[in-house]
$ cat model12.tsv   # TSV, C-alpha atoms and all ligand atoms
chain	number	residue	atom	x	y	z
A	1	MET	CA	22.35	13.88	-40.05
A	2	ILE	CA	23.51	12.47	-43.38
A	3	GLN	CA	25.86	14.71	-45.34
A	4	LEU	CA	26.80	13.62	-48.83
A	5	GLU	CA	29.71	15.82	-49.84
A	6	HIS	CA	30.89	16.16	-53.43
A	7	ILE	CA	29.93	12.60	-54.33
A	8	SER	CA	30.96	11.39	-57.77
A	9	LYS	CA	30.61	7.85	-59.03
A	10	THR	CA	32.06	6.47	-62.23
A	11	PHE	CA	31.41	2.95	-63.50
A	12	PRO	CA	33.96	1.42	-65.84
A	13	THR	CA	32.19	-0.48	-68.64
A	14	ALA	CA	33.30	-2.24	-71.82
A	15	ASP	CA	32.20	0.87	-73.77
A	16	GLY	CA	34.10	3.28	-71.54
A	17	GLU	CA	33.27	5.07	-68.32
A	18	VAL	CA	29.73	5.91	-67.21
A	19	GLN	CA	29.56	8.88	-64.89
A	20	ALA	CA	26.51	8.10	-62.75
A	21	LEU	CA	26.97	10.91	-60.17
A	22	ARG	CA	28.71	14.23	-60.59
A	23	ASP	CA	29.67	16.29	-57.55
A	24	VAL	CA	26.49	15.63	-55.59
A	25	SER	CA	26.19	17.35	-52.20
A	26	ILE	CA	23.05	17.04	-50.10
A	27	THR	CA	22.24	17.17	-46.40
A	28	ILE	CA	19.49	15.02	-44.94
A	29	GLY	CA	18.33	16.05	-41.47
A	30	ASP	CA	17.48	13.63	-38.66
A	31	GLY	CA	13.81	12.68	-38.87
A	32	ASP	CA	13.38	13.93	-42.45
A	33	ILE	CA	11.50	12.00	-45.08
A	34	TYR	CA	13.78	12.92	-47.95
A	35	GLY	CA	12.83	12.29	-51.57
A	36	ILE	CA	15.36	11.81	-54.37
A	37	VAL	CA	13.64	12.04	-57.72
A	38	GLY	CA	14.70	12.02	-61.33
A	39	MET	CA	14.10	10.37	-64.65
A	40	SER	CA	15.34	6.86	-65.37
A	41	GLY	CA	19.14	6.79	-65.35
A	42	ALA	CA	19.44	10.06	-63.39
A	43	GLY	CA	21.53	8.34	-60.72
A	44	LYS	CA	18.96	7.89	-57.93
A	45	SER	CA	19.73	4.24	-57.11
A	46	THR	CA	23.46	4.85	-57.27
A	47	LEU	CA	23.15	7.80	-54.89
A	48	VAL	CA	21.02	5.98	-52.35
A	49	ARG	CA	23.38	2.98	-52.49
A	50	CYS	CA	26.25	5.34	-51.67
A	51	ILE	CA	24.55	6.10	-48.33
A	52	ASN	CA	25.19	2.54	-47.09
A	53	LEU	CA	28.24	2.06	-49.32
A	54	LEU	CA	26.63	-0.70	-51.38
A	55	GLU	CA	28.27	1.54	-53.98
A	56	ARG	CA	31.52	3.15	-52.96
A	57	PRO	CA	31.77	6.71	-54.31
A	58	THR	CA	34.67	7.37	-56.65
A	59	GLU	CA	35.06	10.74	-54.94
A	60	GLY	CA	33.46	12.49	-51.99
A	61	ARG	CA	32.48	11.83	-48.40
A	62	VAL	CA	29.50	10.10	-46.79
A	63	LEU	CA	29.25	11.69	-43.35
A	64	ILE	CA	26.71	10.24	-40.93
A	65	ASP	CA	26.62	10.85	-37.23
A	66	GLY	CA	25.36	8.59	-34.47
A	67	LEU	CA	26.11	5.26	-36.16
A	68	ILE	CA	29.32	4.43	-34.36
A	69	GLU	CA	30.96	5.94	-31.30
A	70	THR	CA	33.68	8.46	-32.03
A	71	GLU	CA	36.00	10.17	-29.58
A	72	ASN	CA	34.98	13.71	-30.48
A	73	GLY	CA	31.36	12.93	-31.43
A	74	GLU	CA	32.06	14.12	-34.98
A	75	PRO	CA	30.21	12.39	-37.83
A	76	VAL	CA	32.21	9.61	-39.45
A	77	ASP	CA	32.99	9.31	-43.14
A	78	LEU	CA	31.74	5.82	-44.00
A	79	CYS	CA	34.33	5.61	-46.79
A	80	GLN	CA	37.11	5.71	-44.16
A	81	LEU	CA	35.77	2.92	-41.93
A	82	HIS	CA	37.40	-0.50	-41.57
A	83	SER	CA	35.20	-3.41	-42.56
A	84	ALA	CA	34.15	-4.29	-38.97
A	85	GLN	CA	33.20	-0.66	-38.27
A	86	LEU	CA	31.37	-0.45	-41.60
A	87	ARG	CA	29.39	-3.60	-40.74
A	88	GLN	CA	28.43	-2.00	-37.45
A	89	ALA	CA	27.41	1.28	-39.11
A	90	ARG	CA	25.38	-0.58	-41.73
A	91	ARG	CA	23.27	-2.25	-39.02
A	92	SER	CA	21.72	1.16	-38.46
A	93	ILE	CA	20.85	1.59	-42.14
A	94	SER	CA	18.09	-0.62	-43.56
A	95	MET	CA	16.77	-0.76	-47.08
A	96	ILE	CA	13.56	-1.83	-48.80
A	97	PHE	CA	13.21	-2.50	-52.52
A	98	GLN	CA	10.66	-2.50	-55.33
A	99	GLN	CA	10.76	-6.31	-55.56
A	100	PHE	CA	10.61	-6.83	-51.76
A	101	ASN	CA	13.55	-9.34	-51.80
A	102	LEU	CA	11.94	-11.75	-49.35
A	103	LEU	CA	13.23	-15.31	-48.95
A	104	MET	CA	10.49	-17.39	-50.54
A	105	GLN	CA	11.36	-20.61	-48.62
A	106	ARG	CA	10.92	-18.91	-45.27
A	107	THR	CA	7.72	-17.86	-43.48
A	108	CYS	CA	7.09	-14.18	-42.80
A	109	LEU	CA	8.22	-14.58	-39.19
A	110	SER	CA	11.37	-16.36	-40.30
A	111	ASN	CA	12.11	-13.67	-42.92
A	112	ILE	CA	11.93	-11.03	-40.21
A	113	CYS	CA	14.12	-13.13	-37.88
A	114	PHE	CA	16.81	-13.46	-40.57
A	115	PRO	CA	18.78	-10.23	-39.89
A	116	MET	CA	18.54	-10.89	-36.16
A	117	GLU	CA	19.92	-14.43	-36.67
A	118	ILE	CA	22.88	-12.95	-38.51
A	119	ALA	CA	23.42	-10.45	-35.70
A	120	GLY	CA	23.43	-13.32	-33.17
A	121	VAL	CA	20.17	-12.47	-31.40
A	122	PRO	CA	18.93	-15.54	-29.43
A	123	LYS	CA	16.18	-17.37	-31.32
A	124	ALA	CA	13.35	-16.92	-28.81
A	125	GLN	CA	14.09	-13.21	-28.46
A	126	ALA	CA	14.22	-12.79	-32.26
A	127	ARG	CA	10.85	-14.55	-32.70
A	128	LYS	CA	9.25	-12.37	-30.03
A	129	ARG	CA	10.59	-9.21	-31.67
A	130	ALA	CA	9.53	-10.43	-35.13
A	131	GLN	CA	5.97	-10.95	-33.88
A	132	GLU	CA	5.96	-7.40	-32.45
A	133	LEU	CA	7.20	-6.08	-35.79
A	134	LEU	CA	4.43	-7.95	-37.65
A	135	GLU	CA	2.00	-6.12	-35.40
A	136	ILE	CA	3.64	-2.75	-36.13
A	137	VAL	CA	3.23	-3.33	-39.88
A	138	GLY	CA	-0.37	-4.49	-39.49
A	139	LEU	CA	0.08	-8.22	-40.22
A	140	PRO	CA	-0.16	-9.90	-36.80
A	141	ASP	CA	-1.81	-13.02	-38.25
A	142	LYS	CA	0.69	-13.68	-41.06
A	143	ALA	CA	3.58	-15.10	-39.02
A	144	GLY	CA	3.26	-18.58	-40.53
A	145	ALA	CA	2.42	-17.49	-44.09
A	146	TYR	CA	4.93	-17.76	-46.94
A	147	PRO	CA	5.64	-14.76	-49.19
A	148	ALA	CA	3.89	-16.48	-52.13
A	149	GLN	CA	0.66	-16.40	-50.11
A	150	LEU	CA	0.78	-12.61	-49.69
A	151	SER	CA	-0.30	-9.67	-51.85
A	152	GLY	CA	2.33	-7.17	-53.05
A	153	GLY	CA	1.41	-4.70	-50.31
A	154	GLN	CA	1.61	-7.40	-47.65
A	155	LYS	CA	5.02	-8.52	-48.97
A	156	GLN	CA	6.27	-4.95	-48.68
A	157	ARG	CA	4.94	-4.77	-45.11
A	158	VAL	CA	6.93	-7.91	-44.23
A	159	ALA	CA	9.99	-6.37	-45.92
A	160	ILE	CA	9.48	-3.23	-43.81
A	161	ALA	CA	9.20	-5.34	-40.64
A	162	ARG	CA	12.44	-7.12	-41.60
A	163	ALA	CA	14.10	-3.74	-42.24
A	164	LEU	CA	13.07	-2.60	-38.74
A	165	ALA	CA	14.45	-5.73	-37.05
A	166	SER	CA	17.89	-4.18	-36.58
A	167	ASN	CA	16.42	-1.02	-34.98
A	168	PRO	CA	17.80	1.18	-37.78
A	169	LYS	CA	18.25	4.93	-37.58
A	170	ILE	CA	17.91	5.27	-41.35
A	171	LEU	CA	15.52	3.55	-43.77
A	172	LEU	CA	16.35	3.68	-47.48
A	173	CYS	CA	13.38	3.02	-49.80
A	174	ASP	CA	14.39	2.21	-53.38
A	175	GLU	CA	11.22	2.55	-55.52
A	176	ALA	CA	9.44	0.71	-52.71
A	177	THR	CA	5.94	1.38	-54.06
A	178	SER	CA	6.60	1.22	-57.80
A	179	ALA	CA	5.22	-2.32	-58.13
A	180	LEU	CA	2.03	-1.52	-56.21
A	181	ASP	CA	-1.39	-0.18	-57.21
A	182	PRO	CA	-2.37	3.36	-56.08
A	183	THR	CA	-4.42	2.28	-53.05
A	184	THR	CA	-1.74	-0.09	-51.79
A	185	THR	CA	0.91	2.55	-52.51
A	186	ARG	CA	-0.96	4.94	-50.26
A	187	SER	CA	-1.23	2.45	-47.42
A	188	ILE	CA	2.50	1.63	-47.62
A	189	LEU	CA	3.37	5.34	-47.70
A	190	ARG	CA	1.18	5.89	-44.61
A	191	LEU	CA	3.06	3.06	-42.88
A	192	VAL	CA	6.44	4.57	-43.77
A	193	GLN	CA	5.24	7.96	-42.51
A	194	ASP	CA	3.98	6.38	-39.31
A	195	ILE	CA	7.32	4.61	-38.76
A	196	ASN	CA	9.16	7.87	-39.35
A	197	LYS	CA	7.03	9.66	-36.76
A	198	ARG	CA	6.67	6.92	-34.16
A	199	LEU	CA	10.21	5.53	-34.25
A	200	GLY	CA	12.03	8.71	-35.31
A	201	ILE	CA	13.70	6.95	-38.24
A	202	THR	CA	15.13	9.13	-41.00
A	203	VAL	CA	13.70	7.97	-44.33
A	204	VAL	CA	15.25	8.41	-47.77
A	205	VAL	CA	12.84	7.67	-50.60
A	206	ILE	CA	13.92	7.30	-54.18
A	207	THR	CA	11.19	7.35	-56.75
A	208	HIS	CA	10.30	8.52	-60.22
A	209	GLU	CA	6.76	9.24	-59.00
A	210	MET	CA	6.24	12.82	-57.90
A	211	ALA	CA	2.97	11.82	-56.22
A	212	VAL	CA	4.98	9.73	-53.75
A	213	VAL	CA	7.11	12.75	-52.87
A	214	GLU	CA	4.05	14.97	-52.52
A	215	GLU	CA	2.39	12.41	-50.31
A	216	ILE	CA	5.04	11.93	-47.65
A	217	CYS	CA	8.33	13.77	-48.19
A	218	THR	CA	9.45	16.81	-46.26
A	219	HIS	CA	12.42	17.57	-48.54
A	220	VAL	CA	13.35	16.68	-52.08
A	221	THR	CA	16.33	16.67	-54.40
A	222	ILE	CA	15.89	16.47	-58.15
A	223	LEU	CA	18.67	14.65	-59.96
A	224	ASP	CA	19.32	14.84	-63.68
A	225	HIS	CA	22.21	13.15	-65.48
A	226	GLY	CA	23.92	12.55	-62.14
A	227	ARG	CA	23.75	16.18	-61.00
A	228	VAL	CA	21.63	17.93	-58.38
A	229	MET	CA	19.29	20.26	-60.24
A	230	GLU	CA	17.10	21.44	-57.36
A	231	THR	CA	16.92	20.84	-53.66
A	232	GLY	CA	14.72	22.18	-50.87
A	233	THR	CA	11.48	21.57	-49.04
A	234	VAL	CA	8.82	19.86	-51.12
A	235	GLU	CA	6.72	23.04	-51.02
A	236	GLU	CA	9.58	25.19	-52.32
A	237	VAL	CA	10.56	22.88	-55.14
A	238	PHE	CA	7.05	21.85	-56.19
A	239	SER	CA	5.46	25.27	-56.14
A	240	ASN	CA	8.23	26.85	-58.14
A	241	PRO	CA	10.56	24.46	-59.97
A	242	LYS	CA	13.41	26.58	-61.26
A	243	THR	CA	15.08	24.27	-63.74
A	244	GLU	CA	13.90	22.57	-66.90
A	245	ALA	CA	14.46	19.15	-65.26
A	246	GLY	CA	12.38	20.25	-62.26
A	247	ARG	CA	9.54	21.56	-64.42
A	248	ARG	CA	9.56	18.37	-66.50
A	249	LEU	CA	9.05	16.28	-63.37
A	250	VAL	CA	6.60	18.54	-61.55
A	251	PHE	CA	4.50	19.37	-64.64
A	252	PRO	CA	5.16	16.46	-66.99
A	253	GLU	CA	2.38	17.53	-69.38
A	254	GLY	CA	3.77	21.07	-69.51
A	255	ALA	CA	0.30	22.05	-68.37
A	256	VAL	CA	0.68	25.82	-68.31
A	257	ILE	CA	-2.51	27.24	-69.70
A	258	GLU	CA	-3.83	30.76	-70.36
A	259	ARG	CA	-2.62	33.13	-67.63
A	260	LEU	CA	-5.12	35.24	-65.77
A	261	PRO	CA	-3.85	37.75	-63.22
A	262	ALA	CA	-3.48	35.74	-60.03
A	263	VAL	CA	-2.57	36.93	-56.59
A	264	ARG	CA	-3.17	33.79	-54.59
A	265	VAL	CA	-2.12	30.32	-55.61
A	266	VAL	CA	-3.49	27.12	-54.12
A	267	ARG	CA	-2.48	23.52	-54.55
A	268	VAL	CA	-5.40	21.11	-54.81
A	269	VAL	CA	-4.44	17.51	-54.12
A	270	PHE	CA	-6.89	14.91	-55.42
A	271	ASN	CA	-7.22	11.93	-53.11
A	272	GLY	CA	-9.17	9.64	-55.39
A	273	GLY	CA	-12.47	11.56	-55.73
A	274	SER	CA	-14.62	11.14	-58.80
A	275	SER	CA	-12.73	13.23	-61.36
A	276	TYR	CA	-11.00	16.59	-61.57
A	277	GLU	CA	-12.52	18.23	-64.64
A	278	PRO	CA	-16.00	18.62	-63.05
A	279	LEU	CA	-14.49	20.34	-60.03
A	280	ILE	CA	-13.00	23.15	-62.10
A	281	ALA	CA	-16.11	23.36	-64.28
A	282	SER	CA	-18.51	23.43	-61.32
A	283	LEU	CA	-16.40	26.10	-59.66
A	284	ALA	CA	-17.09	28.28	-62.69
A	285	ILE	CA	-20.79	27.33	-62.84
A	286	ASP	CA	-21.71	27.25	-59.12
A	287	CYS	CA	-19.53	30.13	-57.94
A	288	GLN	CA	-19.15	32.09	-61.17
A	289	VAL	CA	-15.43	32.13	-60.42
A	290	LYS	CA	-12.78	31.41	-63.02
A	291	VAL	CA	-9.52	29.97	-61.78
A	292	ASN	CA	-6.31	29.73	-63.69
A	293	ILE	CA	-4.73	26.27	-63.97
A	294	LEU	CA	-1.04	27.05	-63.54
A	295	GLY	CA	0.09	23.46	-63.60
A	296	ALA	CA	-1.24	19.97	-63.17
A	297	ASP	CA	0.00	16.50	-62.56
A	298	THR	CA	-3.20	14.56	-62.32
A	299	LYS	CA	-4.05	11.06	-63.29
A	300	ASN	CA	-7.44	9.48	-63.76
A	301	ILE	CA	-7.19	5.92	-62.52
A	302	ASN	CA	-10.37	3.92	-62.93
A	303	GLY	CA	-12.36	7.15	-63.01
A	304	GLN	CA	-10.75	8.45	-59.84
A	305	ALA	CA	-8.52	11.50	-59.78
A	306	PHE	CA	-5.08	11.38	-58.17
A	307	GLY	CA	-2.32	13.95	-58.20
A	308	SER	CA	-2.39	17.70	-57.80
A	309	MET	CA	-3.13	20.97	-59.53
A	310	LEU	CA	-1.84	24.47	-58.94
A	311	LEU	CA	-4.65	27.00	-59.30
A	312	GLY	CA	-4.32	30.75	-59.49
A	313	LEU	CA	-7.29	32.42	-57.77
A	314	PRO	CA	-8.83	35.61	-59.17
A	315	GLU	CA	-7.46	38.98	-58.10
A	316	ASP	CA	-10.74	40.02	-56.51
A	317	PRO	CA	-10.46	39.01	-52.81
A	318	ALA	CA	-14.19	38.20	-52.50
A	319	GLU	CA	-14.08	35.93	-55.54
A	320	ALA	CA	-10.87	34.29	-54.32
A	321	ALA	CA	-12.45	33.65	-50.91
A	322	LYS	CA	-15.54	32.18	-52.58
A	323	ALA	CA	-13.36	29.81	-54.61
A	324	MET	CA	-11.38	28.77	-51.51
A	325	THR	CA	-14.54	27.99	-49.53
A	326	TYR	CA	-15.92	25.99	-52.44
A	327	LEU	CA	-12.71	24.00	-52.90
A	328	ARG	CA	-12.33	23.31	-49.18
A	329	ASN	CA	-15.87	21.90	-49.04
A	330	GLN	CA	-15.21	19.33	-51.74
A	331	PRO	CA	-14.81	15.71	-50.66
A	332	ASN	CA	-11.59	13.86	-51.53
A	333	VAL	CA	-9.48	16.93	-52.13
A	334	THR	CA	-6.97	18.69	-49.93
A	335	VAL	CA	-6.47	22.40	-50.47
A	336	GLU	CA	-3.45	24.36	-49.32
A	337	GLU	CA	-2.27	27.83	-50.12
A	338	VAL	CA	1.13	28.14	-51.79
A	339	GLN	CA	3.21	30.94	-50.34
A	340	ASP	CA	5.59	32.99	-52.50
A	341	TYR	CA	4.53	31.52	-55.83
A	342	HIS	CA	6.50	32.99	-58.71
A	343	ALA	CA	5.40	32.09	-62.21
B	401	LIG	N1	26.95	-1.27	-62.06
B	401	LIG	C1	26.88	-0.40	-63.07
B	401	LIG	N2	27.75	-0.48	-64.12
B	401	LIG	C2	27.70	0.40	-65.12
B	401	LIG	N3	26.83	1.45	-65.19
B	401	LIG	C3	25.95	1.57	-64.19
B	401	LIG	C4	25.93	0.66	-63.09
B	401	LIG	N4	24.94	1.05	-62.25
B	401	LIG	C5	24.37	2.15	-62.80
B	401	LIG	N5	24.98	2.47	-63.97
B	401	LIG	C6	24.67	3.60	-64.83
B	401	LIG	O1	24.64	4.77	-64.04
B	401	LIG	C7	23.58	5.63	-64.43
B	401	LIG	C8	22.67	5.89	-63.25
B	401	LIG	O2	22.00	4.68	-62.92
B	401	LIG	P1	20.98	4.55	-61.70
B	401	LIG	O3	20.50	3.15	-61.66
B	401	LIG	O4	21.61	5.11	-60.48
B	401	LIG	O5	19.81	5.53	-62.17
B	401	LIG	P2	18.32	5.66	-61.63
B	401	LIG	O6	18.02	7.11	-61.59
B	401	LIG	O7	18.17	4.90	-60.37
B	401	LIG	O8	17.51	4.96	-62.80
B	401	LIG	P3	16.16	4.06	-62.74
B	401	LIG	O9	15.05	4.98	-62.25
B	401	LIG	O10	15.96	3.64	-64.16
B	401	LIG	O11	16.43	2.94	-61.80
B	401	LIG	C9	22.90	4.96	-65.60
B	401	LIG	O12	23.44	5.49	-66.79
B	401	LIG	C10	23.27	3.51	-65.44
B	401	LIG	O13	23.30	2.86	-66.68
$ encode --input "model12.tsv" --output "structure tokens"
Amino acid sequence: MIQLEHISKTFPTADGEVQALRDVSITIGDGDIYGIVGMSGAGKSTLVRCINLLERPTEGRVLIDGLIETENGEPVDLCQLHSAQLRQARRSISMIFQQFNLLMQRTCLSNICFPMEIAGVPKAQARKRAQELLEIVGLPDKAGAYPAQLSGGQKQRVAIARALASNPKILLCDEATSALDPTTTRSILRLVQDINKRLGITVVVITHEMAVVEEICTHVTILDHGRVMETGTVEEVFSNPKTEAGRRLVFPEGAVIERLPAVRVVRVVFNGGSSYEPLIASLAIDCQVKVNILGADTKNINGQAFGSMLLGLPEDPAEAAKAMTYLRNQPNVTVEEVQDYHA
């Protein structure tokens, strides 16, 4: 478990102090895929860098258990560790970045071997493990290729393989898909999800893209001006954002339209089908059922719809059931009912 307790971070600058984080407390459970979202400058990078002490908090504690042996089995505060202990703890925390940060002069295999070289793993053993990792990330035939010969998605796969080389317990992803197109983003997110499940690695994702959170995260924290605005499961926060900052992120277009009485609310996630407008229109035409668009964060990319919509179904149970059946039979959409929706 990762417990960030009352974390504040102040940067001294020539123009005075910048307070990047203000009394942030969050708990990330083992095996979670935890999203930290917020607008630019909200403090996301600073917060995630506090988890491995790339940034040292000005105040607060970074408690993580299972990284180094302690007498009483209590989680250690990373801020209190000596440098040798901190180096040891950091071996269990890997990070991937938007710009991949691969060494361009080295082959893929050699990039993946790099952290193992530093840790003193014998060369033959490191190369064997690196080849296994290339297989895990789906690039078994790229051992001898140089980063310049790879696509963005492939570079990120190599970076993920390198991050796994130290057998981490925690993987920090700093805008890891922001430089990638939607299809590649999806495939990288699937890989991260697969790694989380198969290897039991706790994943912390920072992103400004809510679609990324919707796609893979179990829990989410919304940061604004260095403060925690909302925190909870993705379902809780996304179905009913309680703060202005939360609403701005979840419904960036402020898409709250005419309200019809609604008893059941469903979230429709568009997975790249043709477009979303015809779906709502054909629901009205084919089923004679009017749904209420409570919120939407959809994007049309090359004529394909991505993102999600919250729909209020009609009060009449028969009509609501008809709409549900219709929606569930559509290709390229996922439909789930939202429990306890409060407008
Ligand atoms: N090393 C630094 N020195 C001074 N100020 C900094 C430093 N690092 C971050 N800041 C400031 O702290 C605040 C939070 O920055 P941070 O990079 O954590 O935000 P972010 O949410 O990750 O933003 P983005 O999405 O644009 O990367 C910003 O006001 C930023 O200018």
$ residues_around --input "model12.tsv" --residues "range 181-194 of chain A" --least-positions-apart "4" --cutoff "10 Å" --atoms "all atoms listed in the file" --output "ChimeraX atom specification"
/A:33,136-138,151-154,156-157,160,171,173,176-177,198-201,203,205,211-213,215-217,271-272,301,306
$ closest_residue --input "model12.tsv" --among "A:Val76, A:Val250, A:Ile36, A:Leu313" --to "ligand LIG 401 (chain B)" --atoms "all atoms listed in the file"
A:Ile36
$ closest_atom_pairs --input "model12.tsv" --of "chain A" --to "ligand LIG 401 (chain B)" --cutoff "12 Å" --atoms "all atoms listed in the file" --output "tab-separated table"
residue	atom	partner	partner_atom	distance
A:Ser8	CA	B:LIG401	O1	11.1
A:Lys9	CA	B:LIG401	O1	8.4
A:Thr10	CA	B:LIG401	O1	7.8
A:Phe11	CA	B:LIG401	C2	4.8
A:Pro12	CA	B:LIG401	C2	6.4
A:Thr13	CA	B:LIG401	C2	5.8
A:Ala14	CA	B:LIG401	C2	9.1
A:Asp15	CA	B:LIG401	C2	9.8
A:Gly16	CA	B:LIG401	C2	9.5
A:Glu17	CA	B:LIG401	C2	7.9
A:Val18	CA	B:LIG401	N3	5.7
A:Gln19	CA	B:LIG401	O1	6.5
A:Ala20	CA	B:LIG401	O1	4.0
A:Leu21	CA	B:LIG401	C8	7.3
A:Arg22	CA	B:LIG401	C8	10.6
A:Ile36	CA	B:LIG401	O6	9.0
A:Val37	CA	B:LIG401	O6	7.6
A:Gly38	CA	B:LIG401	O6	5.9
A:Met39	CA	B:LIG401	O6	5.9
A:Ser40	CA	B:LIG401	O10	3.5
A:Gly41	CA	B:LIG401	O5	3.5
A:Ala42	CA	B:LIG401	O6	3.7
A:Gly43	CA	B:LIG401	O4	3.2
A:Lys44	CA	B:LIG401	O6	3.9
A:Ser45	CA	B:LIG401	O7	3.7
A:Thr46	CA	B:LIG401	O4	3.7
A:Leu47	CA	B:LIG401	O4	6.4
A:Val48	CA	B:LIG401	O4	8.2
A:Arg49	CA	B:LIG401	O4	8.5
A:Cys50	CA	B:LIG401	O4	10.0
A:Leu54	CA	B:LIG401	N1	10.7
A:Glu55	CA	B:LIG401	N1	8.7
A:Arg56	CA	B:LIG401	N1	11.1
A:Pro57	CA	B:LIG401	N4	11.9
A:Phe97	CA	B:LIG401	O11	11.2
A:Gln98	CA	B:LIG401	O11	10.2
A:Cys173	CA	B:LIG401	O7	11.8
A:Asp174	CA	B:LIG401	O7	8.4
A:Glu175	CA	B:LIG401	O9	8.1
A:Ala176	CA	B:LIG401	O11	11.7
A:Ser178	CA	B:LIG401	O9	10.3
A:Val205	CA	B:LIG401	O7	11.5
A:Ile206	CA	B:LIG401	O7	7.9
A:Thr207	CA	B:LIG401	O9	7.1
A:His208	CA	B:LIG401	O9	6.3
A:Glu209	CA	B:LIG401	O9	9.9
A:Ile222	CA	B:LIG401	O6	10.2
A:Leu223	CA	B:LIG401	O6	7.7
A:Asp224	CA	B:LIG401	O6	8.1
A:His225	CA	B:LIG401	C8	7.6
A:Gly226	CA	B:LIG401	C8	6.9
A:Arg227	CA	B:LIG401	C8	10.6
A:Val228	CA	B:LIG401	O6	11.8
$ atom_distance --input "model12.tsv" --atom1 "CA of Met1 in chain A" --atom2 "CA of Asp65 in chain A"
5.9 Å
$ atom_distance --input "model12.tsv" --atom1 "CA of Val237 in chain A" --atom2 "CA of Gly295 in chain A"
13.5 Å
$ closest_residue --input "model12.tsv" --among "A:Ile280, A:Ile93, A:Ala245, A:Val24" --to "Pro168 in chain A" --atoms "only C-alpha atoms"
A:Ile93
$ closest_atom_pairs --input "model12.tsv" --of "range 269-297 of chain A" --to "range 326-331 of chain A" --cutoff "10 Å" --atoms "only C-alpha atoms" --output "CSV"
residue,atom,partner,partner_atom,distance
A:Phe270,CA,A:Pro331,CA,9.3
A:Asn271,CA,A:Pro331,CA,8.8
A:Gly272,CA,A:Pro331,CA,9.5
A:Gly273,CA,A:Pro331,CA,7.0
A:Ser274,CA,A:Pro331,CA,9.3
A:Leu279,CA,A:Leu327,CA,8.2
A:Ile280,CA,A:Leu327,CA,9.2
A:Ser282,CA,A:Tyr326,CA,9.6
A:Leu283,CA,A:Tyr326,CA,7.2
A:Asp286,CA,A:Tyr326,CA,8.9
A:Cys287,CA,A:Tyr326,CA,7.8
$ atom_distance --input "model12.tsv" --atom1 "CA of Ile112 in chain A" --atom2 "CA of Val62 in chain A"
28.3 Å
$ closest_residue --input "model12.tsv" --among "A:Gly246, A:Pro147, A:Gly60, A:Gly232" --to "Gly35 in chain A" --atoms "only C-alpha atoms"
A:Gly232
$ residues_around --input "model12.tsv" --residues "Leu103 in chain A" --least-positions-apart "5" --cutoff "9 Å" --atoms "all atoms listed in the file" --output "PyMOL selection string"
chain A and resi 108+110-111+146-147
$ residues_around --input "model12.tsv" --residues "Ala148 in chain A" --least-positions-apart "6" --cutoff "10 Å" --atoms "only C-alpha atoms" --output "PyMOL selection string"
chain A and resi 102-105+107+155
$ axis_aligned_box --input "model12.tsv" --around "range 244-252 of chain A" --padding-each-side "5 Å" --output "AutoDock Vina command-line options"
--center_x 9.5 --center_y 19.4 --center_z -64.3 --size_x 20.0 --size_y 16.3 --size_z 15.4
$ closest_residue --input "model12.tsv" --among "A:Val220, A:Ala318, A:Val335, A:Val291" --to "Val269 in chain A" --atoms "all atoms listed in the file"
A:Val335
$ closest_atom_pairs --input "model12.tsv" --of "range 164-268 of chain A" --to "range 114-130 of chain A" --cutoff "10 Å" --atoms "all atoms listed in the file" --output "tab-separated table"
residue	atom	partner	partner_atom	distance
A:Leu164	CA	A:Ala130	CA	9.3
A:Ala165	CA	A:Met116	CA	6.6
A:Ser166	CA	A:Met116	CA	6.8
$ write_last_selection --input "model12.tsv" --atoms "C-alpha atoms" --output "PDB file, in the coordinates of the input"
ATOM      1  CA  LEU A 164      13.070  -2.600 -38.740  1.00  0.00           C
ATOM      2  CA  ALA A 165      14.450  -5.730 -37.050  1.00  0.00           C
ATOM      3  CA  SER A 166      17.890  -4.180 -36.580  1.00  0.00           C
TER       4      SER A 166
END
$ closest_residue --input "model12.tsv" --among "A:Ser25, A:Gln99, A:Asn332, A:Thr218" --to "Leu180 in chain A" --atoms "only C-alpha atoms"
A:Gln99
$ closest_residue --input "model12.tsv" --among "A:Ile285, A:Ala296, A:Leu4, A:Met309" --to "Thr27 in chain A" --atoms "only C-alpha atoms"
A:Leu4
$ build_atoms --input "model12.tsv" --residues "range 199-205 of chain A" --atoms "N, CA and C atoms" --output "PDB file, in the frame of the given file"
ATOM      1  N   LEU A 199       8.907   6.069 -34.642  1.00  0.00           N
ATOM      2  CA  LEU A 199      10.210   5.530 -34.250  1.00  0.00           C
ATOM      3  C   LEU A 199      11.337   6.530 -34.497  1.00  0.00           C
ATOM      4  N   GLY A 200      11.013   7.672 -35.084  1.00  0.00           N
ATOM      5  CA  GLY A 200      12.030   8.710 -35.310  1.00  0.00           C
ATOM      6  C   GLY A 200      13.092   8.299 -36.321  1.00  0.00           C
ATOM      7  N   ILE A 201      12.720   7.423 -37.245  1.00  0.00           N
ATOM      8  CA  ILE A 201      13.700   6.950 -38.240  1.00  0.00           C
ATOM      9  C   ILE A 201      13.745   7.927 -39.417  1.00  0.00           C
ATOM     10  N   THR A 202      14.958   8.288 -39.810  1.00  0.00           N
ATOM     11  CA  THR A 202      15.130   9.130 -41.000  1.00  0.00           C
ATOM     12  C   THR A 202      14.879   8.262 -42.231  1.00  0.00           C
ATOM     13  N   VAL A 203      14.072   8.782 -43.161  1.00  0.00           N
ATOM     14  CA  VAL A 203      13.700   7.970 -44.330  1.00  0.00           C
ATOM     15  C   VAL A 203      14.205   8.657 -45.604  1.00  0.00           C
ATOM     16  N   VAL A 204      14.843   7.887 -46.467  1.00  0.00           N
ATOM     17  CA  VAL A 204      15.250   8.410 -47.770  1.00  0.00           C
ATOM     18  C   VAL A 204      14.495   7.596 -48.822  1.00  0.00           C
ATOM     19  N   VAL A 205      13.721   8.315 -49.629  1.00  0.00           N
ATOM     20  CA  VAL A 205      12.840   7.670 -50.600  1.00  0.00           C
ATOM     21  C   VAL A 205      13.354   7.970 -51.994  1.00  0.00           C
TER      22      VAL A 205
END
